[in-house]
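S.K.: Next comes the structure file entry-v1.cif, holding mmCIF, C-alpha atoms and all ligand atoms; chains and numbers go by the auth columns.
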```
data_data
#
loop_
_atom_site.group_PDB
_atom_site.id
_atom_site.type_symbol
_atom_site.label_atom_id
_atom_site.label_comp_id
_atom_site.label_asym_id
_atom_site.label_seq_id
_atom_site.Cartn_x
_atom_site.Cartn_y
_atom_site.Cartn_z
_atom_site.B_iso_or_equiv
_atom_site.auth_seq_id
_atom_site.auth_asym_id
ATOM 1 C CA MET A 1 0.000 0.000 0.000 0.00 22 A
ATOM 2 C CA LYS A 2 1.105 3.533 -0.735 0.00 23 A
ATOM 3 C CA LEU A 3 -0.022 6.967 0.325 0.00 24 A
ATOM 4 C CA ILE A 4 0.046 9.387 -2.588 0.00 25 A
ATOM 5 C CA ILE A 5 0.258 13.031 -1.590 0.00 26 A
ATOM 6 C CA ALA A 6 -0.226 15.428 -4.477 0.00 27 A
ATOM 7 C CA ILE A 7 0.075 19.202 -4.267 0.00 28 A
ATOM 8 C CA ILE A 8 -1.629 20.826 -7.233 0.00 29 A
ATOM 9 C CA GLN A 9 -2.935 24.147 -8.477 0.00 30 A
ATOM 10 C CA PRO A 10 -6.442 24.702 -7.065 0.00 31 A
ATOM 11 C CA HIS A 11 -7.937 25.318 -10.523 0.00 32 A
ATOM 12 C CA LYS A 12 -6.733 21.852 -11.620 0.00 33 A
ATOM 13 C CA LEU A 13 -8.648 19.950 -8.958 0.00 34 A
ATOM 14 C CA GLU A 14 -11.642 19.114 -11.154 0.00 35 A
ATOM 15 C CA ALA A 15 -9.473 17.850 -14.011 0.00 36 A
ATOM 16 C CA VAL A 16 -7.332 15.754 -11.664 0.00 37 A
ATOM 17 C CA LYS A 17 -10.404 14.273 -9.997 0.00 38 A
ATOM 18 C CA ARG A 18 -11.872 13.386 -13.392 0.00 39 A
ATOM 19 C CA GLU A 19 -8.646 11.647 -14.484 0.00 40 A
ATOM 20 C CA LEU A 20 -8.427 9.749 -11.179 0.00 41 A
ATOM 21 C CA GLU A 21 -12.021 8.554 -11.500 0.00 42 A
ATOM 22 C CA ALA A 22 -11.223 7.324 -15.019 0.00 43 A
ATOM 23 C CA VAL A 23 -8.693 4.893 -13.491 0.00 44 A
ATOM 24 C CA GLU A 24 -11.063 3.966 -10.663 0.00 45 A
ATOM 25 C CA VAL A 25 -9.368 5.940 -7.959 0.00 46 A
ATOM 26 C CA ASN A 26 -12.369 7.469 -6.195 0.00 47 A
ATOM 27 C CA LEU A 27 -11.409 7.708 -2.532 0.00 48 A
ATOM 28 C CA MET A 28 -9.401 10.724 -1.480 0.00 49 A
ATOM 29 C CA THR A 29 -9.001 13.500 1.040 0.00 50 A
ATOM 30 C CA VAL A 30 -8.749 17.027 -0.351 0.00 51 A
ATOM 31 C CA THR A 31 -7.381 19.933 1.649 0.00 52 A
ATOM 32 C CA ASN A 32 -6.756 23.584 0.893 0.00 53 A
ATOM 33 C CA VAL A 33 -3.168 24.340 1.866 0.00 54 A
ATOM 34 C CA LEU A 34 -0.540 27.032 1.581 0.00 55 A
ATOM 35 C CA GLY A 35 2.705 26.136 -0.097 0.00 56 A
ATOM 36 C CA GLN A 36 6.027 27.355 -1.326 0.00 57 A
ATOM 37 C CA GLY A 37 8.046 25.774 -4.102 0.00 58 A
ATOM 38 C CA ARG A 38 11.519 26.515 -5.333 0.00 59 A
ATOM 39 C CA GLN A 39 10.555 29.900 -6.815 0.00 60 A
ATOM 40 C CA LYS A 40 9.285 30.934 -3.379 0.00 61 A
ATOM 41 C CA GLY A 41 6.069 32.193 -4.948 0.00 62 A
ATOM 42 C CA ILE A 42 7.839 34.815 -6.998 0.00 63 A
ATOM 43 C CA THR A 43 7.108 33.699 -10.585 0.00 64 A
ATOM 44 C CA GLU A 44 3.593 32.511 -9.789 0.00 65 A
ATOM 45 C CA ILE A 45 2.158 35.776 -8.551 0.00 66 A
ATOM 46 C CA TYR A 46 0.299 36.397 -11.807 0.00 67 A
ATOM 47 C CA ARG A 47 -1.730 33.228 -11.258 0.00 68 A
ATOM 48 C CA GLY A 48 -2.983 33.888 -7.766 0.00 69 A
ATOM 49 C CA ALA A 49 -2.598 36.310 -4.940 0.00 70 A
ATOM 50 C CA LYS A 50 -0.012 35.493 -2.335 0.00 71 A
ATOM 51 C CA GLU A 51 -1.571 34.639 0.966 0.00 72 A
ATOM 52 C CA ILE A 52 1.066 34.808 3.661 0.00 73 A
ATOM 53 C CA GLY A 53 4.547 35.991 2.754 0.00 74 A
ATOM 54 C CA ASN A 54 5.560 33.867 -0.219 0.00 75 A
ATOM 55 C CA LEU A 55 2.960 31.178 0.371 0.00 76 A
ATOM 56 C CA LEU A 56 0.449 30.429 -2.387 0.00 77 A
ATOM 57 C CA ASN A 57 -2.897 28.650 -2.281 0.00 78 A
ATOM 58 C CA LYS A 58 -2.547 25.020 -3.311 0.00 79 A
ATOM 59 C CA VAL A 59 -4.708 21.919 -3.043 0.00 80 A
ATOM 60 C CA ARG A 60 -3.420 18.762 -1.388 0.00 81 A
ATOM 61 C CA LEU A 61 -4.788 15.334 -2.236 0.00 82 A
ATOM 62 C CA ASP A 62 -4.158 12.372 0.058 0.00 83 A
ATOM 63 C CA ILE A 63 -4.883 9.104 -1.699 0.00 84 A
ATOM 64 C CA ALA A 64 -4.248 5.676 -0.167 0.00 85 A
ATOM 65 C CA VAL A 65 -4.075 2.896 -2.751 0.00 86 A
ATOM 66 C CA ASN A 66 -3.034 -0.675 -3.296 0.00 87 A
ATOM 67 C CA GLU A 67 0.140 -1.163 -5.347 0.00 88 A
ATOM 68 C CA SER A 68 -1.579 -1.771 -8.702 0.00 89 A
ATOM 69 C CA PHE A 69 -3.189 1.681 -8.550 0.00 90 A
ATOM 70 C CA VAL A 70 -0.008 3.643 -7.844 0.00 91 A
ATOM 71 C CA GLU A 71 1.257 4.206 -11.394 0.00 92 A
ATOM 72 C CA PRO A 72 -2.229 4.747 -12.903 0.00 93 A
ATOM 73 C CA ALA A 73 -2.911 7.351 -10.206 0.00 94 A
ATOM 74 C CA ILE A 74 0.407 9.123 -10.846 0.00 95 A
ATOM 75 C CA THR A 75 -0.313 9.207 -14.583 0.00 96 A
ATOM 76 C CA ALA A 76 -3.819 10.531 -13.930 0.00 97 A
ATOM 77 C CA ILE A 77 -2.586 13.300 -11.616 0.00 98 A
ATOM 78 C CA ASN A 78 0.058 14.347 -14.137 0.00 99 A
ATOM 79 C CA LYS A 79 -2.505 14.365 -16.931 0.00 100 A
ATOM 80 C CA GLY A 80 -4.970 16.481 -14.990 0.00 101 A
ATOM 81 C CA ALA A 81 -2.536 18.879 -13.343 0.00 102 A
ATOM 82 C CA ARG A 82 0.218 19.581 -15.849 0.00 103 A
ATOM 83 C CA THR A 83 0.295 22.813 -17.820 0.00 104 A
ATOM 84 C CA GLY A 84 4.060 22.707 -18.337 0.00 105 A
ATOM 85 C CA ASN A 85 4.513 25.826 -16.252 0.00 106 A
ATOM 86 C CA LEU A 86 6.347 26.284 -12.986 0.00 107 A
ATOM 87 C CA GLY A 87 4.119 25.691 -9.996 0.00 108 A
ATOM 88 C CA ASP A 88 2.183 22.780 -11.526 0.00 109 A
ATOM 89 C CA GLY A 89 2.818 20.872 -8.308 0.00 110 A
ATOM 90 C CA LYS A 90 4.463 17.773 -6.920 0.00 111 A
ATOM 91 C CA ILE A 91 3.608 14.203 -6.068 0.00 112 A
ATOM 92 C CA PHE A 92 5.040 12.386 -3.062 0.00 113 A
ATOM 93 C CA ILE A 93 4.736 8.609 -2.609 0.00 114 A
ATOM 94 C CA ILE A 94 4.990 7.127 0.860 0.00 115 A
ATOM 95 C CA ASP A 95 4.947 3.489 1.963 0.00 116 A
ATOM 96 C CA LEU A 96 1.706 2.970 3.853 0.00 117 A
ATOM 97 C CA HIS A 97 2.008 0.664 6.811 0.00 118 A
ATOM 98 C CA GLU A 98 -1.637 0.016 7.594 0.00 119 A
ATOM 99 C CA CYS A 99 -5.216 0.978 6.792 0.00 120 A
ATOM 100 C CA ILE A 100 -8.132 0.238 9.085 0.00 121 A
ATOM 101 C CA ARG A 101 -11.756 0.579 7.992 0.00 122 A
ATOM 102 C CA ILE A 102 -13.449 1.579 11.209 0.00 123 A
ATOM 103 C CA SER A 103 -17.001 0.468 10.227 0.00 124 A
ATOM 104 C CA SER A 104 -16.004 -3.120 9.582 0.00 125 A
ATOM 105 C CA GLY A 105 -12.694 -3.618 11.341 0.00 126 A
ATOM 106 C CA GLU A 106 -11.101 -4.710 8.053 0.00 127 A
ATOM 107 C CA ARG A 107 -7.392 -4.046 7.696 0.00 128 A
ATOM 108 C CA GLY A 108 -4.890 -3.629 4.891 0.00 129 A
ATOM 109 C CA GLY A 109 -5.640 -3.892 1.179 0.00 130 A
ATOM 110 C CA THR A 110 -9.303 -4.800 1.572 0.00 131 A
ATOM 111 C CA ALA A 111 -9.898 -1.834 3.879 0.00 132 A
ATOM 112 C CA ILE A 112 -8.445 0.693 1.450 0.00 133 A
ATOM 113 C CA GLY A 113 -11.378 0.958 -0.918 0.00 134 A
HETATM 114 N N1 LIG B . 10.180 19.690 -1.309 0.00 201 A
HETATM 115 C C1 LIG B . 8.921 20.019 -0.977 0.00 201 A
HETATM 116 N N2 LIG B . 8.444 19.701 0.232 0.00 201 A
HETATM 117 C C2 LIG B . 7.173 19.994 0.592 0.00 201 A
HETATM 118 N N3 LIG B . 6.298 20.587 -0.227 0.00 201 A
HETATM 119 C C3 LIG B . 6.726 20.906 -1.454 0.00 201 A
HETATM 120 C C4 LIG B . 8.050 20.630 -1.894 0.00 201 A
HETATM 121 N N4 LIG B . 8.184 21.048 -3.178 0.00 201 A
HETATM 122 C C5 LIG B . 6.981 21.549 -3.520 0.00 201 A
HETATM 123 N N5 LIG B . 6.117 21.474 -2.494 0.00 201 A
HETATM 124 C C6 LIG B . 4.724 21.889 -2.469 0.00 201 A
HETATM 125 O O1 LIG B . 4.239 21.827 -3.794 0.00 201 A
HETATM 126 C C7 LIG B . 3.735 23.096 -4.186 0.00 201 A
HETATM 127 C C8 LIG B . 3.962 23.286 -5.652 0.00 201 A
HETATM 128 O O2 LIG B . 5.327 23.203 -5.861 0.00 201 A
HETATM 129 P P1 LIG B . 5.937 23.587 -7.250 0.00 201 A
HETATM 130 O O3 LIG B . 5.202 22.906 -8.320 0.00 201 A
HETATM 131 O O4 LIG B . 6.070 25.078 -7.346 0.00 201 A
HETATM 132 O O5 LIG B . 7.371 22.911 -7.054 0.00 201 A
HETATM 133 P P2 LIG B . 8.778 23.395 -7.551 0.00 201 A
HETATM 134 O O6 LIG B . 9.787 22.539 -6.879 0.00 201 A
HETATM 135 O O7 LIG B . 8.891 24.885 -7.347 0.00 201 A
HETATM 136 O O8 LIG B . 8.726 23.012 -9.095 0.00 201 A
HETATM 137 P P3 LIG B . 8.563 24.005 -10.353 0.00 201 A
HETATM 138 O O9 LIG B . 9.938 24.538 -10.604 0.00 201 A
HETATM 139 O O10 LIG B . 8.033 23.136 -11.439 0.00 201 A
HETATM 140 O O11 LIG B . 7.593 25.090 -9.940 0.00 201 A
HETATM 141 C C9 LIG B . 4.429 24.072 -3.268 0.00 201 A
HETATM 142 O O12 LIG B . 3.712 25.279 -3.140 0.00 201 A
HETATM 143 C C10 LIG B . 4.506 23.305 -1.973 0.00 201 A
HETATM 144 O O13 LIG B . 3.236 23.337 -1.351 0.00 201 A
HETATM 145 MG MG MG B . 7.557 26.204 -8.203 0.00 202 A
#
```
So, in terms of structure tokens, how does the structure I just supplied come out?
M.R.:
Amino acid sequence: MKLIIAIIQPHKLEAVKRELEAVEVNLMTVTNVLGQGRQKGITEIYRGAKEIGNLLNKVRLDIAVNESFVEPAITAINKGARTGNLGDGKIFIIDLHECIRISSGERGGTAIG
């Protein structure tokens, strides 16, 4: 199991969600966040007001998946989020130790989704 954390441009959320659903990745947590990349917000100002200092509004997706969904999900996020410009975002992949579905008590791969 892996936890995919993707930081994307807020206006790309719908497109990313559509691409993820096309590869049957439907379960996710979406959070509005503030972020700073390597340009420290400087070259992205024209696309959105700076919030605090050099921090820009971004959207974070947390997606826990079984191994076979990892590459399809990465491809889908890239497809939905990429414009080719700086600030398009980043994807982090983390080994996921456990998943527990509280309603049923299931654990691991069957609990994920
Ligand atoms: N190393 C990092 N650690 C934590 N968050 C990061 C990291 N790099 C990027 N982010 C997050 O991703 C968001 C988007 O980053 P961004 O796409 O600007 O990355 P970048 O490294 O500056 O690449 P680019 O040069 O393509 O803009 C940032 O605002 C921040 O929230
Ligand atoms: Mg950047």
S.K.: Return as JSON the centre and edge lengths, in Å with one decimal, of the box along x, y and z that encloses every atom of ligand LIG 201 (chain A) in the file, padded by 5 Å per side.
M.R.:
```
{"center_x": 6.7, "center_y": 22.5, "center_z": -5.4, "size_x": 16.9, "size_y": 15.6, "size_z": 22.0}
```
S.K.: Atom N1 of ligand LIG 201 (chain A) and CA of Ile84 (chain A), how far apart in Å?
M.R.: 18.4 Å
S.K.: Quick one: residues within 12 Å of Ser89 (chain A), all atoms listed in the file, excluding same-chain residues fewer than 6 positions away - as a PyMOL selection string?
M.R.: chain A and resi 22-23+44-46+95+130
S.K.: Work out how far CA of Val91 (chain A) is from CA of Ile123 (chain A), in Å to one decimal.
M.R.: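 Computed distance, CA of Ile123 (chain A) to CA of Val91 (chain A), equals 23.4 Å.
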S.K.: For a quick check of understanding, using only C-alpha atoms and all ligand atoms, which of A:Asn99, A:Asn75, A:Thr52, A:Ser125 has the smallest distance to ligand MG 202 (chain A)?
M.R.: A:Asn75
S.K.: Quick one: pull the distance between atom C7 of ligand LIG 201 (chain A) and CA of Glu92 (chain A), Å, one decimal.
M.R.: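 Value for the atom C7 of ligand LIG 201 (chain A)-CA of Glu92 (chain A) distance: 20.4 Å.
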S.K.: Let me have all residues with an atom within 6 Å of ligand MG 202 (chain A), counting only C-alpha atoms and all ligand atoms, laid out as a VMD selection string.
M.R.: chain A and resid 58 to 60 107 to 108
S.K.: Find, counting only C-alpha atoms, the residue in A:Gln57, A:Ala94, A:Met49, A:Ala102 that gets nearest to Pro31 (chain A).
M.R.: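 Once distances to Pro31 (chain A) are computed over only C-alpha atoms, the minimum belongs to A:Ala102.
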S.K.: Pick out the residues no farther than 10 Å from ligand LIG 201 (chain A), counting all atoms listed in the file, and list them as a VMD selection string.
M.R.: chain A and resid 26 to 30 54 to 65 75 to 81 103 105 to 113
S.K.: Using only C-alpha atoms, which residue out of A:Ile133, A:Thr104, A:Ala97, A:Cys120 lies closest to Leu41 (chain A)?
M.R.: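 That would be A:Ala97, the residue with the smallest distance to Leu41 (chain A).
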S.K.: For each of A:Gly134, A:Ala85, A:Thr50, A:Ala36, take the minimum atom-to-atom distance to Arg122 (chain A), counting only C-alpha atoms, then give the residue where this is smallest.
M.R.: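 Closest to Arg122 (chain A) of all the choices is A:Gly134.
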S.K.: Of the candidates A:Pro93, A:Glu88, A:Ile25, A:Asp83, which shows the shortest atom-to-atom distance to Glu42 (chain A), using all atoms listed in the file?
M.R.: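 Of all the options, A:Pro93 lies closest to Glu42 (chain A).
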S.K.: Counting only C-alpha atoms, what is within 7 Å of Glu119 (chain A), bar same-chain residues fewer than 2 positions away, as a ChimeraX atom specification?
M.R.: /A:117,121,129
